[in-house]
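Enquirer: Handing you a structure now.
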Amino acid sequence: MTRQEINQLIAQDLLKIKAVFFRPEDPFTWASGIKSPVYCDNRLTLTAPEVRTDVEQCMAKVIGEEYPEVEVLMGTSTSGIAHAAITAHLMELPMGYVRAGAKDHGRQNQIEGRLEPGQKVVVVEDLISTAGSALEVVDVLRKAGADVLGIVSIFTYNMQKGIDNLRAANVKNVSLTNFDVIAEEAAKAGYIRPEDISRLIRFRDNPSDSSWAD
């Protein structure tokens, strides 16, 4: 399967299980404060076995091609944990995850699972918008001595701020599908009108410019 075929398959899968919500008249508010006409809830893939299989098999393929030296998968907490676990099982790799903060009891771990200094790690994330949460995980892993090869994610909004943040941190991200492909597939399937694509792309290019809502 080519990368373009993966892009289209995962986009179609997410639309099929209604994991992508289009609401330009009543925008969603992200944790970052950004108002968005689109919301992608990749957690719904976990309760859709056929789609979940597509996601994890494609993730394993992409990791194998883009990060062939990988030794450990590390999921982001909490959305990346299940995907890291299933994909690691398929690839016969160890996995762990990184908490949002260190525990206040027991061993007070922030990194769960065994990680040796110098091990080559790929971070598993469900989606990338500004990339802030994924880069926090990368920073924790780097401070622990890991050699972070990059990130793999199910979906990226392809927002310039996210691209810039990843570049500034010298971190590579590879996503199974992206905002542009989702918009194209949504129009083909009748979820949105073809003329809505340009509005969505205007949002992606500049979320602070509310002209996309006109």
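Residue numbering restarts at 1 in every chain; chains get A, B, ... in the order shown in the structure tokens, and ligands count up from 1 in that same order.
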Taking only residues of stretch 95-171 of chain A that have an atom at most 10 Å from an atom of stretch 38-49 of chain A, what is each one's shortest atom pair and its distance in Å to one decimal, using only C-alpha atoms, in chain and number order, as a Markdown table?

Expert:
```
| residue | atom | partner | partner_atom | distance |
| --- | --- | --- | --- | --- |
| A:Asp126 | CA | A:Asn42 | CA | 6.3 |
| A:Leu127 | CA | A:Asn42 | CA | 7.6 |
| A:Ile154 | CA | A:Asn42 | CA | 7.7 |
| A:Phe155 | CA | A:Cys40 | CA | 8.3 |
| A:Thr156 | CA | A:Cys40 | CA | 9.6 |
| A:Tyr157 | CA | A:Cys40 | CA | 9.4 |
```

Enquirer: Determine, counting only C-alpha atoms, which protein, DNA and RNA residues have an atom within 10 Å of an atom of A:Ile34; residues of the same chain fewer than 2 positions away are not included. Present the result as a list in words.

Expert: Pro27, Phe28, Thr29, Trp30, Ala31, Ser32, Ser36, Pro37, Ser129, Thr130, Pro207 and Ser208 of chain A

Enquirer: Write out, as a PDB file, in the first residue's frame, the residues just selected, with N, CA and C atoms.

Expert:
```
ATOM      1  N   PRO A  27     -18.209  26.565  16.215  1.00  0.00           N
ATOM      2  CA  PRO A  27     -16.863  25.987  16.272  1.00  0.00           C
ATOM      3  C   PRO A  27     -16.518  25.326  17.609  1.00  0.00           C
ATOM      4  N   PHE A  28     -15.684  24.315  17.522  1.00  0.00           N
ATOM      5  CA  PHE A  28     -15.140  23.655  18.704  1.00  0.00           C
ATOM      6  C   PHE A  28     -14.013  24.514  19.281  1.00  0.00           C
ATOM      7  N   THR A  29     -13.807  24.441  20.575  1.00  0.00           N
ATOM      8  CA  THR A  29     -12.676  25.115  21.214  1.00  0.00           C
ATOM      9  C   THR A  29     -11.678  24.061  21.669  1.00  0.00           C
ATOM     10  N   TRP A  30     -10.471  24.142  21.124  1.00  0.00           N
ATOM     11  CA  TRP A  30      -9.422  23.198  21.509  1.00  0.00           C
ATOM     12  C   TRP A  30      -8.809  23.612  22.849  1.00  0.00           C
ATOM     13  N   ALA A  31      -8.024  22.701  23.417  1.00  0.00           N
ATOM     14  CA  ALA A  31      -7.331  22.994  24.676  1.00  0.00           C
ATOM     15  C   ALA A  31      -6.420  24.210  24.526  1.00  0.00           C
ATOM     16  N   SER A  32      -5.904  24.419  23.327  1.00  0.00           N
ATOM     17  CA  SER A  32      -5.018  25.555  23.067  1.00  0.00           C
ATOM     18  C   SER A  32      -5.782  26.867  22.960  1.00  0.00           C
ATOM     19  N   SER A  36     -12.163  26.011  16.149  1.00  0.00           N
ATOM     20  CA  SER A  36     -12.015  25.180  14.953  1.00  0.00           C
ATOM     21  C   SER A  36     -13.354  24.702  14.418  1.00  0.00           C
ATOM     22  N   PRO A  37     -13.515  24.703  13.083  1.00  0.00           N
ATOM     23  CA  PRO A  37     -14.736  24.155  12.484  1.00  0.00           C
ATOM     24  C   PRO A  37     -14.713  22.634  12.397  1.00  0.00           C
ATOM     25  N   SER A 129      -1.834  19.035  16.213  1.00  0.00           N
ATOM     26  CA  SER A 129      -2.351  20.347  15.819  1.00  0.00           C
ATOM     27  C   SER A 129      -1.188  21.334  15.936  1.00  0.00           C
ATOM     28  N   THR A 130      -0.966  21.890  17.128  1.00  0.00           N
ATOM     29  CA  THR A 130       0.208  22.757  17.326  1.00  0.00           C
ATOM     30  C   THR A 130       1.447  21.956  17.712  1.00  0.00           C
ATOM     31  N   PRO A 207      -5.700  29.868  11.553  1.00  0.00           N
ATOM     32  CA  PRO A 207      -6.830  29.711  12.479  1.00  0.00           C
ATOM     33  C   PRO A 207      -7.275  31.001  13.154  1.00  0.00           C
ATOM     34  N   SER A 208      -6.376  31.973  13.292  1.00  0.00           N
ATOM     35  CA  SER A 208      -6.734  33.222  13.955  1.00  0.00           C
ATOM     36  C   SER A 208      -7.533  34.149  13.051  1.00  0.00           C
TER      37      SER A 208
END
```

Enquirer: Using only C-alpha atoms, which protein or nucleic acid residues come within 12 Å of A:Asn7? Drop anything in the same chain fewer than 5 positions from it, and give the result as an MDAnalysis selection string.

Expert: chainID A and resid 1:2 12:14 54:55 58:59 62 153:156 174:185

Enquirer: Show me, as number ranges by chain, the residues that have an atom within 9 Å of A:Glu56 when counting only C-alpha atoms, minus same-chain residues fewer than 4 positions from it.

Expert: A: 51-52, 60-61, 83-84, 86-87, 90

Enquirer: May I ask which of the residues A:Asp196, A:Tyr191, A:Met159, A:Ala88 is the closest one to A:Gln57, counting only C-alpha atoms?

Expert: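 Nearest candidate to A:Gln57 out of A:Asp196, A:Tyr191, A:Met159, A:Ala88: A:Ala88.
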
Enquirer: Which polymer residues have any atom within 12 Å of an atom of A:Leu73, counting only C-alpha atoms, with same-chain residues fewer than 6 positions away left out, as a PyMOL selection string?

Expert: chain A and resi 59-60+63-64+67+80-98+111-115+119-125+138+141+146-152

Enquirer: For the structure I just gave you, how does DSSP split stretch 7-199 of chain A - specifically, which residues are strand (DSSP E or B)? Reply as a PDB file with C-alpha atoms, in the first residue's frame.

Expert:
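Just written: result22.pdb:
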```pdb
ATOM      1  CA  VAL A  20     -14.489  13.681  12.305  1.00  0.00           C
ATOM      2  CA  PHE A  21     -16.993  16.378  13.198  1.00  0.00           C
ATOM      3  CA  PHE A  22     -17.675  19.401  10.972  1.00  0.00           C
ATOM      4  CA  PHE A  28     -15.140  23.655  18.704  1.00  0.00           C
ATOM      5  CA  THR A  29     -12.676  25.115  21.214  1.00  0.00           C
ATOM      6  CA  LYS A  35     -11.660  27.905  17.557  1.00  0.00           C
ATOM      7  CA  SER A  36     -12.015  25.180  14.953  1.00  0.00           C
ATOM      8  CA  VAL A  38     -13.409  20.587  12.644  1.00  0.00           C
ATOM      9  CA  TYR A  39     -12.793  18.169  15.495  1.00  0.00           C
ATOM     10  CA  CYS A  40     -11.176  14.766  15.077  1.00  0.00           C
ATOM     11  CA  VAL A  72      10.923   1.226  21.635  1.00  0.00           C
ATOM     12  CA  LEU A  73       7.511   2.840  21.088  1.00  0.00           C
ATOM     13  CA  MET A  74       6.368   5.417  23.622  1.00  0.00           C
ATOM     14  CA  GLY A  75       2.736   6.559  23.704  1.00  0.00           C
ATOM     15  CA  THR A  76       1.541   9.977  24.728  1.00  0.00           C
ATOM     16  CA  MET A  95       6.502  -0.039  24.586  1.00  0.00           C
ATOM     17  CA  GLY A  96       5.769   2.373  27.357  1.00  0.00           C
ATOM     18  CA  TYR A  97       4.184   5.743  27.793  1.00  0.00           C
ATOM     19  CA  VAL A  98       4.887   9.183  29.180  1.00  0.00           C
ATOM     20  CA  ILE A 111       7.996   7.512  32.015  1.00  0.00           C
ATOM     21  CA  GLU A 112       6.250   4.172  32.416  1.00  0.00           C
ATOM     22  CA  LYS A 120      15.950   4.703  19.767  1.00  0.00           C
ATOM     23  CA  VAL A 121      12.357   5.751  20.417  1.00  0.00           C
ATOM     24  CA  VAL A 122       9.341   6.650  18.286  1.00  0.00           C
ATOM     25  CA  VAL A 123       6.570   8.620  19.997  1.00  0.00           C
ATOM     26  CA  VAL A 124       3.012   7.510  19.161  1.00  0.00           C
ATOM     27  CA  GLU A 125       0.402  10.290  19.179  1.00  0.00           C
ATOM     28  CA  ASP A 126      -3.223  10.314  18.015  1.00  0.00           C
ATOM     29  CA  LEU A 127      -3.208  13.745  16.372  1.00  0.00           C
ATOM     30  CA  ILE A 128      -1.042  16.782  15.780  1.00  0.00           C
ATOM     31  CA  ASP A 147      17.364   8.970  21.116  1.00  0.00           C
ATOM     32  CA  VAL A 148      13.982  10.156  19.821  1.00  0.00           C
ATOM     33  CA  LEU A 149      13.773   9.352  16.118  1.00  0.00           C
ATOM     34  CA  GLY A 150      10.463  11.135  15.690  1.00  0.00           C
ATOM     35  CA  ILE A 151       6.698  10.955  16.044  1.00  0.00           C
ATOM     36  CA  VAL A 152       4.041   8.911  14.293  1.00  0.00           C
ATOM     37  CA  SER A 153       0.446  10.143  14.502  1.00  0.00           C
ATOM     38  CA  ILE A 154      -2.897   9.098  13.093  1.00  0.00           C
ATOM     39  CA  PHE A 155      -3.875  12.566  11.907  1.00  0.00           C
ATOM     40  CA  THR A 156      -2.348  16.013  11.473  1.00  0.00           C
ATOM     41  CA  ASN A 173       6.381  13.716  12.427  1.00  0.00           C
ATOM     42  CA  VAL A 174       4.736  11.281  10.033  1.00  0.00           C
ATOM     43  CA  SER A 175       0.939  11.060  10.004  1.00  0.00           C
ATOM     44  CA  LEU A 176      -1.304   8.398   8.513  1.00  0.00           C
ATOM     45  CA  THR A 177      -3.639  11.048   7.121  1.00  0.00           C
ATOM     46  CA  ASN A 178      -4.062  14.805   7.185  1.00  0.00           C
TER      47      ASN A 178
END
```

Enquirer: Assign secondary structure with DSSP using the backbone only, and return the residues of stretch 31-201 of chain A in alpha helix (DSSP H) as a PyMOL selection string.

Expert: chain A and resi 49-66+81-91+132-143+160-168+179-189+196-201

Enquirer: Please report the interatomic distance between atom CA of A:Glu195 and atom CA of A:Ala213 in Å with one decimal.

Expert: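 Computing the Euclidean distance for atom CA of A:Glu195 and atom CA of A:Ala213 yields 12.9 Å.
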